[in-house]
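Structure data follow from entry.csv (CSV, C-alpha atoms):
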```
chain,number,residue,atom,x,y,z
J,1,MET,CA,0.0,0.0,0.0
J,2,ALA,CA,2.9,2.3,0.9
J,3,ASP,CA,4.5,1.3,-2.4
J,4,ILE,CA,1.4,2.5,-4.3
J,5,ALA,CA,1.4,5.9,-2.6
J,6,VAL,CA,5.1,6.4,-3.5
J,7,HIS,CA,4.4,5.3,-7.0
J,8,ASP,CA,1.7,7.9,-7.4
J,9,VAL,CA,3.9,10.7,-6.1
J,10,ASP,CA,6.7,9.6,-8.5
J,11,HIS,CA,4.4,9.7,-11.5
J,12,ALA,CA,3.1,13.1,-10.6
J,13,HIS,CA,6.7,14.3,-11.2
J,14,GLU,CA,7.5,11.9,-14.1
J,15,HIS,CA,7.7,14.8,-16.5
J,16,ASP,CA,8.6,17.3,-13.9
J,17,GLY,CA,12.2,16.4,-13.0
J,18,TYR,CA,13.5,19.9,-13.7
J,19,ASP,CA,11.7,22.5,-11.6
J,20,ASP,CA,9.8,21.2,-8.6
J,21,HIS,CA,11.9,20.8,-5.5
J,22,VAL,CA,9.2,19.2,-3.3
J,23,PRO,CA,5.9,17.5,-4.2
J,24,HIS,CA,3.3,20.3,-4.0
J,25,ALA,CA,0.3,19.6,-1.8
J,26,THR,CA,-2.1,20.5,-4.7
J,27,SER,CA,-4.6,18.5,-6.7
J,28,THR,CA,-2.2,18.5,-9.7
J,29,GLY,CA,1.0,18.0,-7.7
J,30,LEU,CA,2.3,21.1,-9.3
J,31,SER,CA,2.9,24.6,-8.0
J,32,ASN,CA,-0.2,26.7,-8.2
J,33,ASN,CA,1.8,29.8,-8.5
J,34,LYS,CA,3.5,28.5,-11.6
J,35,LEU,CA,0.3,27.2,-13.1
J,36,ALA,CA,-1.3,30.7,-12.5
J,37,MET,CA,1.6,32.3,-14.2
J,38,TRP,CA,1.2,30.1,-17.3
J,39,LEU,CA,-2.5,30.8,-17.3
J,40,PHE,CA,-1.7,34.5,-17.2
J,41,LEU,CA,0.8,34.2,-20.1
J,42,GLY,CA,-1.8,32.2,-22.1
J,43,SER,CA,-4.3,35.0,-21.7
J,44,GLU,CA,-1.6,37.6,-22.6
J,45,CYS,CA,-1.4,35.8,-26.0
J,46,LEU,CA,-4.9,37.0,-26.6
J,47,LEU,CA,-4.1,40.6,-25.6
J,48,PHE,CA,-1.1,40.8,-27.9
J,49,GLY,CA,-2.9,38.8,-30.7
J,50,GLY,CA,-5.5,41.5,-30.7
J,51,LEU,CA,-3.0,44.4,-30.8
J,52,ILE,CA,-0.9,42.7,-33.5
J,53,SER,CA,-3.8,41.8,-35.8
J,54,THR,CA,-5.2,45.4,-35.4
J,55,TYR,CA,-1.8,46.7,-36.5
J,56,MET,CA,-1.7,44.3,-39.5
J,57,LEU,CA,-5.1,45.6,-40.5
J,58,TYR,CA,-4.2,49.3,-40.3
J,59,ARG,CA,-0.6,49.4,-41.3
J,60,GLY,CA,-1.5,50.5,-44.8
J,61,ARG,CA,-3.7,53.4,-43.6
J,62,HIS,CA,-1.3,56.3,-43.4
J,63,GLU,CA,-2.7,58.9,-45.8
J,64,ASN,CA,-2.0,61.8,-43.4
J,65,GLY,CA,1.6,60.9,-42.4
J,66,PRO,CA,4.6,58.8,-43.0
J,67,GLY,CA,4.2,55.0,-43.6
J,68,PRO,CA,6.3,52.1,-42.2
J,69,ASP,CA,8.7,52.0,-45.2
J,70,GLN,CA,9.6,55.6,-44.7
J,71,ILE,CA,10.3,55.7,-41.0
J,72,PHE,CA,11.4,52.3,-39.7
J,73,ASP,CA,15.1,52.1,-38.9
J,74,ILE,CA,15.7,48.3,-39.2
J,75,PRO,CA,19.4,48.3,-38.1
J,76,LEU,CA,18.5,50.2,-34.9
J,77,THR,CA,15.5,47.9,-34.2
J,78,SER,CA,17.7,44.8,-34.9
J,79,VAL,CA,20.2,46.0,-32.2
J,80,SER,CA,17.3,46.4,-29.8
J,81,SER,CA,16.0,42.9,-30.6
J,82,PHE,CA,19.4,41.5,-30.1
J,83,ILE,CA,19.7,43.2,-26.7
J,84,LEU,CA,16.3,41.8,-25.6
J,85,LEU,CA,17.3,38.4,-26.8
J,86,MET,CA,20.5,38.5,-24.8
J,87,SER,CA,18.5,39.6,-21.7
J,88,SER,CA,16.6,36.3,-22.0
J,89,LEU,CA,20.0,34.5,-21.8
J,90,THR,CA,21.0,36.4,-18.7
J,91,MET,CA,17.5,35.7,-17.2
J,92,VAL,CA,17.9,32.0,-17.7
J,93,LEU,CA,21.4,32.1,-16.1
J,94,ALA,CA,19.8,33.9,-13.1
J,95,VAL,CA,17.2,31.1,-12.8
J,96,ASN,CA,19.9,28.5,-13.0
J,97,SER,CA,21.9,30.2,-10.4
J,98,ALA,CA,18.9,30.5,-8.1
J,99,LYS,CA,18.3,26.7,-8.5
J,100,ARG,CA,21.9,26.2,-7.4
J,101,LYS,CA,21.3,28.5,-4.4
J,102,ASP,CA,24.0,30.8,-5.7
J,103,SER,CA,22.7,34.1,-4.4
J,104,ARG,CA,25.6,36.2,-5.6
J,105,ASN,CA,25.3,35.1,-9.3
J,106,THR,CA,21.5,35.2,-9.1
J,107,ASN,CA,21.5,38.9,-8.1
J,108,LEU,CA,24.3,39.6,-10.7
J,109,TRP,CA,22.4,38.1,-13.6
J,110,LEU,CA,19.1,39.7,-12.5
J,111,VAL,CA,20.7,43.2,-12.5
J,112,VAL,CA,22.3,42.5,-15.9
J,113,THR,CA,18.9,41.5,-17.2
J,114,ALA,CA,17.3,44.6,-15.8
J,115,LEU,CA,20.1,46.8,-17.4
J,116,LEU,CA,19.6,45.1,-20.8
J,117,GLY,CA,15.8,45.6,-20.5
J,118,ALA,CA,16.4,49.3,-19.7
J,119,LEU,CA,18.6,49.6,-22.7
J,120,PHE,CA,15.8,48.1,-24.9
J,121,VAL,CA,13.3,50.6,-23.4
J,122,GLY,CA,15.7,53.4,-24.0
J,123,GLY,CA,16.0,52.4,-27.6
J,124,GLN,CA,12.2,52.4,-27.9
J,125,VAL,CA,12.0,55.9,-26.4
J,126,TYR,CA,14.6,57.1,-28.9
J,127,GLU,CA,12.7,55.4,-31.7
J,128,PHE,CA,9.4,57.0,-30.7
J,129,THR,CA,11.0,60.4,-30.4
J,130,ALA,CA,12.6,60.1,-33.9
J,131,PHE,CA,9.2,58.9,-35.4
J,132,TYR,CA,7.4,61.9,-33.7
J,133,ASN,CA,9.9,64.3,-35.1
J,134,GLU,CA,9.4,62.8,-38.6
J,135,GLY,CA,5.7,63.6,-38.3
J,136,LEU,CA,4.2,60.4,-36.9
J,137,GLY,CA,2.1,61.2,-33.9
J,138,PHE,CA,-0.3,59.0,-32.1
J,139,THR,CA,-3.4,60.4,-33.9
J,140,THR,CA,-1.7,61.2,-37.2
J,141,SER,CA,-3.0,58.1,-38.9
J,142,LEU,CA,-4.5,54.6,-38.1
J,143,PHE,CA,-1.1,53.2,-38.8
J,144,GLY,CA,0.5,55.5,-36.1
J,145,SER,CA,-2.2,54.8,-33.6
J,146,SER,CA,-2.0,51.0,-34.0
J,147,PHE,CA,1.8,51.0,-34.1
J,148,TYR,CA,2.2,53.1,-30.9
J,149,THR,CA,-0.4,51.1,-29.1
J,150,LEU,CA,1.2,47.8,-29.9
J,151,THR,CA,4.8,48.7,-29.3
J,152,GLY,CA,3.8,51.0,-26.3
J,153,PHE,CA,2.0,48.1,-24.6
J,154,HIS,CA,5.1,45.9,-25.2
J,155,GLY,CA,7.3,48.6,-23.8
J,156,VAL,CA,5.1,48.9,-20.7
J,157,HIS,CA,5.4,45.1,-20.2
J,158,VAL,CA,9.2,45.4,-20.4
J,159,THR,CA,9.2,48.3,-17.9
J,160,LEU,CA,7.1,46.2,-15.5
J,161,GLY,CA,9.5,43.3,-15.9
J,162,ILE,CA,12.4,45.6,-15.0
J,163,ILE,CA,10.6,46.8,-11.9
J,164,MET,CA,9.9,43.1,-10.9
J,165,LEU,CA,13.6,42.3,-11.5
J,166,LEU,CA,14.8,45.1,-9.3
J,167,VAL,CA,12.3,44.3,-6.6
J,168,LEU,CA,13.5,40.7,-6.7
J,169,VAL,CA,17.1,41.8,-6.2
J,170,ALA,CA,16.1,44.1,-3.3
J,171,ILE,CA,14.2,41.3,-1.6
J,172,SER,CA,17.0,38.9,-2.2
J,173,ARG,CA,19.7,41.2,-0.8
J,174,ARG,CA,17.6,41.6,2.4
J,175,ASP,CA,16.9,37.9,2.5
J,176,ARG,CA,13.1,38.5,2.8
J,177,PHE,CA,11.8,35.6,0.7
J,178,THR,CA,8.8,34.0,2.3
J,179,GLY,CA,8.6,31.1,-0.1
J,180,ASP,CA,10.9,29.2,-2.5
J,181,LYS,CA,13.3,31.7,-3.9
J,182,ALA,CA,14.2,29.7,-7.0
J,183,GLU,CA,10.5,29.4,-7.9
J,184,VAL,CA,10.0,33.2,-7.5
J,185,VAL,CA,13.0,33.9,-9.7
J,186,GLU,CA,11.6,31.4,-12.2
J,187,LEU,CA,8.2,33.0,-12.2
J,188,VAL,CA,9.6,36.4,-13.0
J,189,GLY,CA,11.8,34.7,-15.6
J,190,LEU,CA,8.8,33.2,-17.3
J,191,TYR,CA,7.2,36.7,-17.6
J,192,TRP,CA,10.5,38.1,-18.9
J,193,HIS,CA,10.9,35.4,-21.6
J,194,PHE,CA,7.3,35.9,-22.6
J,195,VAL,CA,8.0,39.6,-23.2
J,196,ASP,CA,11.0,38.5,-25.3
J,197,VAL,CA,8.9,36.0,-27.3
J,198,VAL,CA,6.3,38.6,-28.0
J,199,TRP,CA,9.0,40.9,-29.4
J,200,VAL,CA,10.2,38.1,-31.7
J,201,ILE,CA,6.7,38.2,-33.3
J,202,ILE,CA,6.5,42.0,-33.3
J,203,PHE,CA,10.0,42.3,-34.9
J,204,THR,CA,9.1,40.0,-37.7
J,205,LEU,CA,5.4,41.0,-38.4
J,206,VAL,CA,5.7,44.7,-37.8
J,207,TYR,CA,9.3,45.7,-38.8
J,208,LEU,CA,10.6,43.1,-41.2
J,209,ILE,CA,7.7,41.9,-43.4
J,210,PRO,CA,7.3,44.4,-46.1
J,211,SER,CA,4.0,46.2,-46.1
U,1,MET,CA,10.0,-0.2,-4.4
U,2,SER,CA,12.5,2.6,-4.4
U,3,THR,CA,11.3,6.2,-4.9
U,4,THR,CA,14.0,6.8,-7.5
U,5,GLU,CA,12.9,3.9,-9.7
U,6,HIS,CA,10.2,5.9,-11.4
U,7,ILE,CA,12.0,9.3,-11.9
U,8,GLU,CA,12.9,9.5,-15.6
U,9,PRO,CA,15.9,11.6,-16.4
U,10,VAL,CA,15.5,14.6,-18.7
U,11,GLU,CA,16.3,13.5,-22.2
U,12,HIS,CA,19.3,15.7,-22.8
U,13,SER,CA,23.0,15.1,-22.8
U,14,GLU,CA,23.9,18.2,-21.0
U,15,VAL,CA,22.1,17.8,-17.7
U,16,VAL,CA,23.9,18.0,-14.4
U,17,GLU,CA,22.6,16.3,-11.2
U,18,HIS,CA,23.1,18.4,-8.2
U,19,GLY,CA,23.3,15.5,-5.8
U,20,ALA,CA,23.4,17.3,-2.5
U,21,HIS,CA,20.7,19.7,-3.5
U,22,GLY,CA,18.5,16.9,-4.8
U,23,ALA,CA,19.0,14.8,-1.8
U,24,HIS,CA,17.9,17.7,0.4
U,25,HIS,CA,14.6,17.8,-1.4
U,26,GLY,CA,14.1,14.1,-1.7
U,27,HIS,CA,14.8,13.5,-5.3
U,28,ASP,CA,17.4,14.3,-7.9
U,29,GLU,CA,17.1,17.6,-9.8
U,30,HIS,CA,18.2,17.8,-13.4
U,31,VAL,CA,19.5,21.2,-14.5
U,32,PRO,CA,20.9,21.9,-18.0
U,33,GLN,CA,24.3,23.5,-17.7
U,34,ASP,CA,24.8,27.3,-18.4
U,35,SER,CA,26.9,26.5,-21.5
U,36,TYR,CA,23.8,24.8,-23.0
U,37,PHE,CA,21.8,28.0,-22.7
U,38,ILE,CA,24.6,30.0,-24.1
U,39,ARG,CA,24.8,27.8,-27.2
U,40,ILE,CA,21.0,28.2,-27.6
U,41,ALA,CA,21.4,32.0,-27.3
U,42,LEU,CA,24.1,31.9,-30.0
U,43,ILE,CA,21.8,30.0,-32.3
U,44,LEU,CA,19.0,32.6,-31.6
U,45,ALA,CA,21.4,35.4,-32.3
U,46,PHE,CA,22.4,33.8,-35.6
U,47,VAL,CA,18.7,33.4,-36.7
U,48,THR,CA,18.1,37.1,-35.7
U,49,ALA,CA,21.0,38.2,-37.9
U,50,LEU,CA,19.6,36.1,-40.7
U,51,GLU,CA,16.2,37.7,-40.2
U,52,THR,CA,17.7,41.2,-40.3
U,53,SER,CA,19.7,40.4,-43.4
U,54,THR,CA,16.4,39.8,-45.3
U,55,TYR,CA,15.9,43.6,-45.2
U,56,TRP,CA,18.8,43.9,-47.8
U,57,TRP,CA,18.1,40.7,-49.8
U,58,GLY,CA,16.2,42.8,-52.4
U,59,ASP,CA,19.3,44.9,-53.0
U,60,TRP,CA,21.8,42.0,-52.9
U,61,PHE,CA,19.9,39.7,-55.3
U,62,ASP,CA,18.4,42.5,-57.4
U,63,GLY,CA,14.7,41.6,-57.5
U,64,ASN,CA,11.4,41.4,-55.7
U,65,LEU,CA,11.8,38.5,-53.3
U,66,ASP,CA,8.7,39.0,-51.2
U,67,ARG,CA,7.5,35.5,-52.2
U,68,VAL,CA,10.6,34.1,-50.6
U,69,VAL,CA,11.3,36.6,-47.8
U,70,VAL,CA,7.9,36.4,-46.1
U,71,PRO,CA,7.7,32.6,-45.7
U,72,ALA,CA,11.4,32.6,-44.7
U,73,LEU,CA,10.7,35.2,-42.0
U,74,LEU,CA,7.7,33.4,-40.7
U,75,ILE,CA,9.6,30.2,-40.4
U,76,MET,CA,12.5,31.8,-38.6
U,77,MET,CA,10.1,33.6,-36.3
U,78,ALA,CA,8.4,30.2,-35.4
U,79,ILE,CA,11.8,28.6,-34.8
U,80,LYS,CA,12.8,31.4,-32.4
U,81,PHE,CA,9.4,31.3,-30.6
U,82,VAL,CA,9.6,27.5,-30.1
U,83,MET,CA,13.2,27.6,-29.0
U,84,ILE,CA,12.6,30.3,-26.4
U,85,ALA,CA,9.4,28.8,-25.1
U,86,SER,CA,10.7,25.2,-25.0
U,87,ILE,CA,14.2,25.8,-23.6
U,88,PHE,CA,14.4,29.2,-21.9
U,89,MET,CA,10.9,28.9,-20.5
U,90,HIS,CA,11.6,25.2,-19.6
U,91,LEU,CA,8.5,23.9,-21.2
U,92,LYS,CA,10.6,21.1,-22.7
U,93,PHE,CA,11.7,20.0,-19.2
U,94,ASP,CA,8.5,20.8,-17.3
U,95,ASN,CA,5.2,19.1,-16.8
U,96,ARG,CA,3.1,18.9,-20.0
U,97,LEU,CA,0.2,20.7,-18.3
U,98,PHE,CA,2.1,24.0,-18.6
U,99,SER,CA,2.6,23.5,-22.3
U,100,TRP,CA,-1.1,22.7,-22.7
U,101,VAL,CA,-2.1,25.9,-20.8
U,102,PHE,CA,0.2,28.1,-22.8
U,103,TYR,CA,-0.3,26.7,-26.2
U,104,THR,CA,-4.0,26.6,-25.8
U,105,GLY,CA,-4.0,30.4,-25.2
U,106,LEU,CA,-1.6,30.9,-28.1
U,107,PHE,CA,-3.6,28.8,-30.7
U,108,LEU,CA,-6.9,30.2,-29.5
U,109,ALA,CA,-5.4,33.7,-30.1
U,110,ILE,CA,-4.1,32.7,-33.6
U,111,PHE,CA,-7.5,31.2,-34.5
U,112,VAL,CA,-9.6,34.1,-33.2
U,113,TYR,CA,-7.5,36.7,-34.9
U,114,ILE,CA,-7.2,34.9,-38.2
U,115,VAL,CA,-11.0,34.8,-38.3
U,116,PHE,CA,-11.0,38.5,-37.3
U,117,LEU,CA,-8.6,39.4,-40.1
U,118,ALA,CA,-10.5,37.3,-42.6
U,119,THR,CA,-13.7,39.1,-41.6
U,120,PHE,CA,-12.1,42.3,-42.6
U,121,GLN,CA,-10.9,40.7,-45.9
U,122,PHE,CA,-7.2,41.1,-44.9
U,123,PHE,CA,-6.1,38.1,-46.9
U,124,ARG,CA,-7.7,39.2,-50.2
U,125,SER,CA,-5.0,40.0,-52.6
```
Now that the file is in, can you turn its structure into C-alpha cells?
Amino acid sequence: MADIAVHDVDHAHEHDGYDDHVPHATSTGLSNNKLAMWLFLGSECLLFGGLISTYMLYRGRHENGPGPDQIFDIPLTSVSSFILLMSSLTMVLAVNSAKRKDSRNTNLWLVVTALLGALFVGGQVYEFTAFYNEGLGFTTSLFGSSFYTLTGFHGVHVTLGIIMLLVLVAISRRDRFTGDKAEVVELVGLYWHFVDVVWVIIFTLVYLIPS
Amino acid sequence: MSTTEHIEPVEHSEVVEHGAHGAHHGHDEHVPQDSYFIRIALILAFVTALETSTYWWGDWFDGNLDRVVVPALLIMMAIKFVMIASIFMHLKFDNRLFSWVFYTGLFLAIFVYIVFLATFQFFRS
C-alpha cells in the first residue's frame, strides 16, 4: 500500500524532473503559482494577438503621415531585438543560479537582465521620439495609432518586468523571501521570456515583413 | 519499491545532477548547464542576424523577393518562438500541463485573430 502511494507521487513528477523541489500539496501535484503564471501568459497571448492583428489591419492606412517603409530604422531595431534576446539568456542564467542556491550570481544576472531591459526601453523611447519628429504622432493616422499602441504596450510590459527584477534583487539582498526563492525567480523569468517572445513576433510582423 | 525507480531523467545530454541539492529535497534535480543555454542563445542570435539580413536581400539579389522573404521570415520567427518557449521557459523539461495551458492560449489567439482578419478581408490579394 505504501508502495502504491510512493508510485503515485513519483508519476506526478515523471515529466517534472526539472523544476519542482518538493511535491506540492495541490490536486495537480504542481505549483499553483507556476500554473497561475502560465494561465496568465496564455491570456496575454490573446491581448497581444488583438494588438498585432489590429496593426496588421491598419498598417497601410497612413494617408496623413509617413508610412512604415519611410520611418522604420531596421538596423536600430535589430540591435534592440538582439539586446532583448540576450536579456533572455541572462535571465535563464539567473534562474539556473537560483536553482543552485548561488545568491551572488542570481543577483548579478538579475541586475544585468534589468540593465539590458532598460537599454531596450531606452532604444524604444529614442525610436518613438525620432518617429514623432518625422511627423508620426499617435493620432496622425490609423497606422500611427495601432503602431504606438502595440509597441507601447510591449514597452510597458518590459518596464514592469524591469521593476519586478529590481524588486526581486532588493528582496533577495535583504533575504526576505517567504517562499521558495528559486521558484519566485523562475516565475519572474517566465514573464521576462514571454515579453521577449512577443518581441520576436513583433519584430518580424511589424518591422521586417514588407508592407 | 524505491522512490528513485520511477523518476525519468530529462532526455538531454547536458544535464547535471546536483546530488546534494536533490537529496535535500528528496529527489534528484536535473538542470541543464549554463553552457547549453549560451549555445541556444548563440543560435537565436544567428537566426536574428539572418532575419535582419532579409531587409537587404532585395538589394543584394536585385529583384522582388517578397514571395521568398515572407515565408522565410515566418519560419525563422516560429523557430525562435519555439526555442525560447521550450528551452528558456523550460516547457521542454516541465510538466506537460504547462505546455497545454500556454499553447491553448496561443492557438486560441491565432484562430480568433485569423478569423478577425479574414472578416475584414485582410487576406484578399
*Nearest-residue call for chain J, choices U:Ala41, U:Val115, U:Leu91, U:Ile75, using only C-alpha atoms*: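 Closest to chain J of all the choices is U:Ala41.
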*With only C-alpha atoms as the basis for distance, which of U:Arg124, U:Ala72, U:Asp34, U:Ile87 is at the shortest distance from chain J?*
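Checking each of U:Arg124, U:Ala72, U:Asp34, U:Ile87 against chain J, counting only C-alpha atoms, the winner is U:Asp34.
Selecting by distance to (17.1, 29.5, -32.4) with a limit of 8 Å and using all atoms listed in the file, one obtains Ile40, Ala41, Leu42, Ile43, Leu44, Ala45, Phe46, Val47, Ile79, Lys80, Met83 and Ile84 of chain U.
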Writer output for current selection, C-alpha atoms, as a short mmCIF file (atom, residue, chain, number, x, y, z; two decimals), keeping the file's coordinate frame:
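And here is the file that came out, again-v1.cif:
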```cif
data_model
loop_
_atom_site.label_atom_id
_atom_site.label_comp_id
_atom_site.auth_asym_id
_atom_site.auth_seq_id
_atom_site.Cartn_x
_atom_site.Cartn_y
_atom_site.Cartn_z
CA ILE U 40 21.00 28.20 -27.60
CA ALA U 41 21.40 32.00 -27.30
CA LEU U 42 24.10 31.90 -30.00
CA ILE U 43 21.80 30.00 -32.30
CA LEU U 44 19.00 32.60 -31.60
CA ALA U 45 21.40 35.40 -32.30
CA PHE U 46 22.40 33.80 -35.60
CA VAL U 47 18.70 33.40 -36.70
CA ILE U 79 11.80 28.60 -34.80
CA LYS U 80 12.80 31.40 -32.40
CA MET U 83 13.20 27.60 -29.00
CA ILE U 84 12.60 30.30 -26.40
#
```
*Residues at most 10 Å from range 64-69 of chain J, counting only C-alpha atoms, excluding those fewer than 4 positions away in the same chain, as number ranges by chain?*
J: 59-60, 73-74, 131, 134-137, 139-144, 147, 206-208, 210-211
*So which one's closest to Ser172 in chain J, J:Leu150, J:Leu119, J:Leu46, J:Val185? Using all atoms listed in the file, please.*
J:Val185
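Computed from the coordinates, the CA of Glu127 in chain J to CA of Phe72 in chain J distance equals 8.7 Å.
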Considering all atoms listed in the file, return as an mmCIF file with C-alpha atoms, in the frame of the given file whatever protein or nucleic-acid residues lie within 8 Å of Phe120 in chain J, sequence-local ones (same chain, fewer than 4 positions apart) excluded.
```cif
data_model
loop_
_atom_site.group_PDB
_atom_site.id
_atom_site.type_symbol
_atom_site.label_atom_id
_atom_site.label_comp_id
_atom_site.auth_asym_id
_atom_site.auth_seq_id
_atom_site.Cartn_x
_atom_site.Cartn_y
_atom_site.Cartn_z
ATOM 1 C CA SER J 80 17.300 46.400 -29.800
ATOM 2 C CA SER J 81 16.000 42.900 -30.600
ATOM 3 C CA ILE J 83 19.700 43.200 -26.700
ATOM 4 C CA LEU J 84 16.300 41.800 -25.600
ATOM 5 C CA LEU J 116 19.600 45.100 -20.800
ATOM 6 C CA GLN J 124 12.200 52.400 -27.900
#
```
*J:Val200, J:Phe48, J:Ala114, J:Tyr55: which is nearest Val188 in chain J, counting only C-alpha atoms?*
J:Ala114
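Using only C-alpha atoms, the smallest distance between any of J:Thr113, J:Leu76, J:Leu205, J:Thr149 and Leu89 in chain J comes from J:Thr113.
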*Would you list the contacts of Gly155 in chain J as an MDAnalysis selection string, taking every protein, DNA or RNA residue within 8 Å and counting all atoms listed in the file, but skipping same-chain residues closer than 4 positions in sequence?*
chainID J and resid 121 124 151 159
*From the list J:His154, J:Arg176, J:Val92, J:Ile52, which residue is nearest Tyr36 in chain U when using all atoms listed in the file?*
J:Val92
Missing atoms of range 44-56 of chain U rebuilt to N, CA and C atoms, written as a CSV table (one decimal), in the coordinates of the input:
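Output file part-v4.csv follows:
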```
chain,number,residue,atom,x,y,z
U,44,LEU,N,20.0,31.5,-31.5
U,44,LEU,CA,19.0,32.6,-31.6
U,44,LEU,C,19.5,33.9,-32.2
U,45,ALA,N,20.8,34.2,-31.8
U,45,ALA,CA,21.4,35.4,-32.3
U,45,ALA,C,21.7,35.3,-33.8
U,46,PHE,N,22.1,34.1,-34.2
U,46,PHE,CA,22.4,33.8,-35.6
U,46,PHE,C,21.1,33.9,-36.4
U,47,VAL,N,20.0,33.4,-35.9
U,47,VAL,CA,18.7,33.4,-36.7
U,47,VAL,C,18.3,34.9,-36.8
U,48,THR,N,18.5,35.6,-35.7
U,48,THR,CA,18.1,37.1,-35.7
U,48,THR,C,18.9,37.8,-36.8
U,49,ALA,N,20.2,37.5,-36.8
U,49,ALA,CA,21.0,38.2,-37.9
U,49,ALA,C,20.5,37.8,-39.3
U,50,LEU,N,20.1,36.5,-39.4
U,50,LEU,CA,19.6,36.1,-40.7
U,50,LEU,C,18.3,36.8,-41.1
U,51,GLU,N,17.5,36.9,-40.0
U,51,GLU,CA,16.2,37.7,-40.2
U,51,GLU,C,16.5,39.1,-40.7
U,52,THR,N,17.4,39.8,-40.0
U,52,THR,CA,17.7,41.2,-40.3
U,52,THR,C,18.3,41.3,-41.7
U,53,SER,N,19.1,40.3,-42.1
U,53,SER,CA,19.7,40.4,-43.4
U,53,SER,C,18.6,40.4,-44.5
U,54,THR,N,17.4,39.8,-44.3
U,54,THR,CA,16.4,39.8,-45.3
U,54,THR,C,16.0,41.2,-45.8
U,55,TYR,N,16.3,42.2,-44.9
U,55,TYR,CA,15.9,43.6,-45.2
U,55,TYR,C,16.7,44.0,-46.4
U,56,TRP,N,17.9,43.5,-46.6
U,56,TRP,CA,18.8,43.9,-47.8
U,56,TRP,C,18.8,42.9,-48.9
```
